[in-house]
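S.K.: Below is entry21.pdb; it holds PDB, C-alpha atoms.
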ATOM      1  CA  MET M  38      -6.899   9.517   2.789
ATOM      2  CA  ASN M  39      -5.097   8.184   5.832
ATOM      3  CA  VAL M  40      -2.543   5.389   6.123
ATOM      4  CA  LEU M  41      -1.701   3.745   9.449
ATOM      5  CA  ILE M  42       0.595   0.835  10.186
ATOM      6  CA  ASP M  43      -1.233  -1.223  12.796
ATOM      7  CA  SER M  44       1.575  -3.713  13.341
ATOM      8  CA  ALA M  45       4.760  -4.976  11.790
ATOM      9  CA  THR M  46       6.670  -8.117  12.627
ATOM     10  CA  PRO M  47       9.306  -9.745  10.413
ATOM     11  CA  GLU M  48       6.561 -12.076   9.181
ATOM     12  CA  CYS M  49       3.758  -9.599   8.437
ATOM     13  CA  ILE M  50       2.949  -5.909   8.113
ATOM     14  CA  VAL M  51      -0.631  -4.727   8.678
ATOM     15  CA  ILE M  52      -1.678  -1.413   7.116
ATOM     16  CA  ARG M  53      -5.010   0.295   7.664
ATOM     17  CA  LEU M  54      -6.275   2.523   4.833
ATOM     18  CA  ARG M  55      -9.058   5.013   5.487
ATOM     19  CA  GLU M  56     -11.009   7.389   3.274
ATOM     20  CA  GLY M  57     -14.008   9.029   4.912
ATOM     21  CA  THR M  58     -16.030   6.253   6.524
ATOM     22  CA  GLU M  59     -14.416   3.486   4.451
ATOM     23  CA  GLU M  60     -11.643   1.620   6.247
ATOM     24  CA  VAL M  61      -9.825  -1.556   5.196
ATOM     25  CA  THR M  62      -6.863  -3.600   6.361
ATOM     26  CA  VAL M  63      -4.160  -4.790   3.967
ATOM     27  CA  THR M  64      -1.490  -7.275   5.033
ATOM     28  CA  GLY M  65       1.902  -8.011   3.552
ATOM     29  CA  TRP M  66       3.650 -11.295   4.205
ATOM     30  CA  HIS M  67       7.437 -10.990   4.745
ATOM     31  CA  THR M  68       7.519  -7.409   5.930
ATOM     32  CA  ASP M  69      10.896  -6.423   4.448
ATOM     33  CA  ARG M  70       9.865  -7.517   0.954
ATOM     34  CA  ALA M  71       6.462  -5.842   1.249
ATOM     35  CA  VAL M  72       7.991  -2.566   2.464
ATOM     36  CA  ARG M  73      10.632  -2.566  -0.295
ATOM     37  CA  SER M  74       8.074  -3.189  -3.042
ATOM     38  CA  LEU M  75       5.754  -0.456  -1.761
ATOM     39  CA  LEU M  76       8.610   2.064  -1.423
ATOM     40  CA  THR M  77       9.877   1.223  -4.925
ATOM     41  CA  ALA M  78       6.432   1.959  -6.360
ATOM     42  CA  LEU M  79       6.252   5.244  -4.425
ATOM     43  CA  ASP M  80       9.742   6.244  -5.615
ATOM     44  CA  THR M  81       8.614   5.687  -9.200
ATOM     45  CA  ILE M  82       5.553   7.887  -8.660
ATOM     46  CA  ALA M  83       7.529  10.598  -6.828
ATOM     47  CA  GLY M  84       9.508  11.184 -10.023
ATOM     48  CA  GLY M  85       6.505  12.557 -11.922
ATOM     49  CA  ASP M  86       3.239  11.664 -13.608
ATOM     50  CA  GLY M  87       2.727   8.023 -14.309
ATOM     51  CA  TYR M  88       1.795   4.634 -12.992
ATOM     52  CA  ALA M  89       3.414   2.194 -10.565
ATOM     53  CA  GLU M  90       2.317  -0.988  -8.860
ATOM     54  CA  CYS M  91       3.415  -3.637  -6.418
ATOM     55  CA  PHE M  92       2.153  -7.018  -5.256
ATOM     56  CA  TRP M  93       1.968  -8.317  -1.711
ATOM     57  CA  PRO M  94       1.770 -12.125  -1.780
ATOM     58  CA  GLU M  95      -0.041 -13.798   1.081
ATOM     59  CA  PRO M  96      -0.393 -17.500   1.930
ATOM     60  CA  THR M  97      -3.996 -17.434   0.658
ATOM     61  CA  GLY M  98      -3.733 -14.936  -2.221
ATOM     62  CA  GLN M  99      -2.231 -11.553  -2.991
ATOM     63  CA  TYR M 100      -2.857  -7.822  -2.831
ATOM     64  CA  TRP M 101      -2.221  -5.638  -5.865
ATOM     65  CA  TRP M 102      -1.406  -1.988  -5.102
ATOM     66  CA  MET M 103      -1.777   0.439  -8.036
ATOM     67  CA  PHE M 104      -0.719   4.084  -8.029
ATOM     68  CA  ASN M 105      -1.700   6.552 -10.735
ATOM     69  CA  ARG M 106      -0.335  10.089 -10.585
ATOM     70  CA  GLU M 107      -1.647  13.046 -12.538
ATOM     71  CA  GLY M 108      -0.010  16.299 -11.481
ATOM     72  CA  ARG M 109      -0.358  16.632  -7.708
ATOM     73  CA  ARG M 110      -3.122  13.994  -7.493
ATOM     74  CA  LEU M 111      -2.254  10.410  -6.559
ATOM     75  CA  GLU M 112      -4.902   7.736  -6.904
ATOM     76  CA  VAL M 113      -4.395   4.550  -4.875
ATOM     77  CA  VAL M 114      -6.222   1.329  -5.733
ATOM     78  CA  VAL M 115      -5.856  -1.974  -3.879
ATOM     79  CA  LEU M 116      -7.252  -5.242  -5.213
ATOM     80  CA  TRP M 117      -7.237  -8.780  -3.752
ATOM     81  CA  SER M 118      -7.154 -12.164  -5.468
ATOM     82  CA  ARG M 119      -7.214 -15.728  -4.170
ATOM     83  CA  GLY M 120      -6.295 -17.010  -7.648
ATOM     84  CA  ALA M 121      -7.209 -17.126 -11.303
ATOM     85  CA  VAL M 122     -10.640 -18.640 -10.694
ATOM     86  CA  THR M 123     -11.872 -15.854  -8.412
ATOM     87  CA  GLY M 124     -10.162 -13.010 -10.269
ATOM     88  CA  TRP M 125      -9.480  -9.622  -8.672
ATOM     89  CA  GLN M 126     -11.790  -8.054  -6.069
ATOM     90  CA  HIS M 127     -11.911  -4.375  -5.170
ATOM     91  CA  VAL M 128     -10.553  -3.628  -1.679
ATOM     92  CA  PHE M 129      -9.879   0.124  -1.608
ATOM     93  CA  ARG M 130      -9.757   3.220  -3.810
ATOM     94  CA  ALA M 131      -8.967   6.814  -2.888
ATOM     95  CA  ALA M 132      -6.993   9.825  -4.066
ATOM     96  CA  ASP M 133      -5.120  12.626  -2.342
ATOM     97  CA  GLU M 134      -2.220  15.009  -2.826
ATOM     98  CA  VAL M 135       0.873  13.048  -3.875
ATOM     99  CA  GLY M 136       3.345  14.691  -1.479
ATOM    100  CA  TYR M 137       1.045  14.177   1.491
ATOM    101  CA  LEU M 138       0.490  10.470   0.778
ATOM    102  CA  ILE M 139       4.146   9.664   0.148
ATOM    103  CA  GLU M 140       5.185  11.569   3.276
ATOM    104  CA  ARG M 141       2.450   9.887   5.336
ATOM    105  CA  ILE M 142       3.589   6.402   4.308
ATOM    106  CA  HIS M 143       7.256   7.248   4.929
ATOM    107  CA  ASP M 144       6.409   8.716   8.351
ATOM    108  CA  GLU M 145       4.510   5.582   9.352
ATOM    109  CA  MET M 146       7.358   3.352   8.211
ATOM    110  CA  ALA M 147       9.972   5.506   9.950
ATOM    111  CA  ALA M 148       7.982   5.393  13.208
ATOM    112  CA  ARG M 149       8.038   1.567  13.006
ATOM    113  CA  ARG M 150      11.718   1.528  11.921
ATOM    114  CA  LEU M 151      10.810  -0.157   8.643
ATOM    115  CA  LEU M 152      12.685   2.118   6.235
ATOM    116  CA  PRO M 153      15.633   0.402   4.545
ATOM    117  CA  ARG M 154      19.018   1.371   5.912
TER     118      ARG M 154
END
Mind converting the file's structure to structure tokens?
M.R.:
Amino acid sequence: MNVLIDSATPECIVIRLREGTEEVTVTGWHTDRAVRSLLTALDTIAGGDGYAECFWPEPTGQYWWMFNREGRRLEVVVLWSRGAVTGWQHVFRAADEVGYLIERIHDEMAARRLLPR
């Protein structure tokens, strides 16, 4: 799995997720809040086996990031919803080694100077 930050302004962060030939774009409104919520979920997972999640609200809906760790394996699932009527739609699902994924996300955020001070 690969994670790339395409752009980040104070208003919006754009992350590209790729697994094999599947590639999707996930956006987070209010970059600081989106980054903090994602890093909090990753910190929870870094502590050991378990589950963490975060939500990225958008003007037209929201993304739901879910992380499930079993040993060294971290599964990442992203869903999208425009509201209660449409429910949740699958956006992305992949798994990789937990240390690699956490480091990859931190590296991308550090390169964009998005890590909290």
S.K.: Let me make sure I understand: among M:Tyr100, M:Pro47, M:Ala148, M:Leu79, which one has the smallest atom-to-atom distance to Trp125 in chain M if we use only C-alpha atoms?
M.R.: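 The shortest atom-to-atom distance to Trp125 in chain M comes from M:Tyr100.
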S.K.: What is the CA of Asp80 in chain M-CA of Arg119 in chain M distance in Å, reported with one decimal?
M.R.: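 Going from CA of Asp80 in chain M over to CA of Arg119 in chain M covers 27.8 Å.
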S.K.: Could you please determine the separation between CA of Met38 in chain M and CA of Ile52 in chain M in Å, to one decimal place?
M.R.: 12.9 Å
S.K.: I'd like to know which of M:Ser118, M:Gln126, M:Thr77, M:Asn39 is closest to Leu54 in chain M, using only C-alpha atoms.
M.R.: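 Using only C-alpha atoms, Leu54 in chain M sits closest to M:Asn39.
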S.K.: Apply the PyMOL selection byres ((chain M and resi 86) around 6) to the file shown and report the selected residues as an MDAnalysis selection string.
M.R.: chainID M and resid 85 87 106:107
S.K.: For the file shown, report as number ranges by chain the outcome of the PyMOL selection byres ((chain M and resi 64) around 6) at residue level.
M.R.: M: 50-51, 63, 65
S.K.: Next, write the just-selected residues to a file, as a CSV table (one decimal), in the frame of the given file, keeping C-alpha atoms as the atom set.
M.R.:
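Everything below was put into part.csv:
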chain,number,residue,atom,x,y,z
M,50,ILE,CA,2.9,-5.9,8.1
M,51,VAL,CA,-0.6,-4.7,8.7
M,63,VAL,CA,-4.2,-4.8,4.0
M,65,GLY,CA,1.9,-8.0,3.6
S.K.: Which residue, M:Leu151, M:Gly136, M:Arg141, M:Gly84, has the smallest gap to Ala71 in chain M when you use all atoms listed in the file?
M.R.: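 Ranked by minimum distance to Ala71 in chain M, first place goes to M:Leu151.
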S.K.: Tell me, as a list in words, which residues lie within 10 Å of Pro153 in chain M, counting all atoms listed in the file; anything in the same chain fewer than 5 positions away does not count.
M.R.: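 Within the cut-off, the hits are Asp69, Val72, Arg73, Leu76, Met146 and Ala147 of chain M.
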S.K.: Please compute the CA of Ala132 in chain M-CA of Pro96 in chain M distance, one decimal, in Å.
M.R.: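 That distance, rounded to one decimal, is 28.7 Å.
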S.K.: On this structure, which residues satisfy the PyMOL selection byres ((chain M and resi 127) around 9), written as a list in words?
M.R.: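 Residues picked by the PyMOL selection byres ((chain M and resi 127) around 9): Val114, Val115, Leu116, Trp117, Trp125, Gln126, Val128, Phe129 and Arg130 of chain M.
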S.K.: Which residue gives the smallest distance to Trp101 in chain M among M:Glu134, M:Glu56, M:Asp144, M:Val113, with all atoms listed in the file counted?
M.R.: M:Val113
S.K.: Can you tell me, as a list in words, what residues are no more than 10 Å from Tyr88 in chain M when counting all atoms listed in the file, ignoring any on the same chain fewer than 5 positions away?
M.R.: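 In the requested form, the answer reads Ala78, Leu79, Thr81, Ile82, Met103, Phe104, Asn105, Arg106, Glu107, Leu111 and Glu112 of chain M.
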S.K.: Using all atoms listed in the file, can you tell me which of M:Ile42, M:Val61, M:Ile142, M:Cys49 comes closest to Pro94 in chain M?
M.R.: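 Ranking M:Ile42, M:Val61, M:Ile142, M:Cys49 by distance to Pro94 in chain M, first place goes to M:Cys49.
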S.K.: Nearest to Arg149 in chain M among M:Val135, M:Leu41, M:Leu75, M:Ala89, with distances taken over all atoms listed in the file: which residue is it?
M.R.: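 When distances to Arg149 in chain M are compared using all atoms listed in the file, the smallest one comes from M:Leu41.
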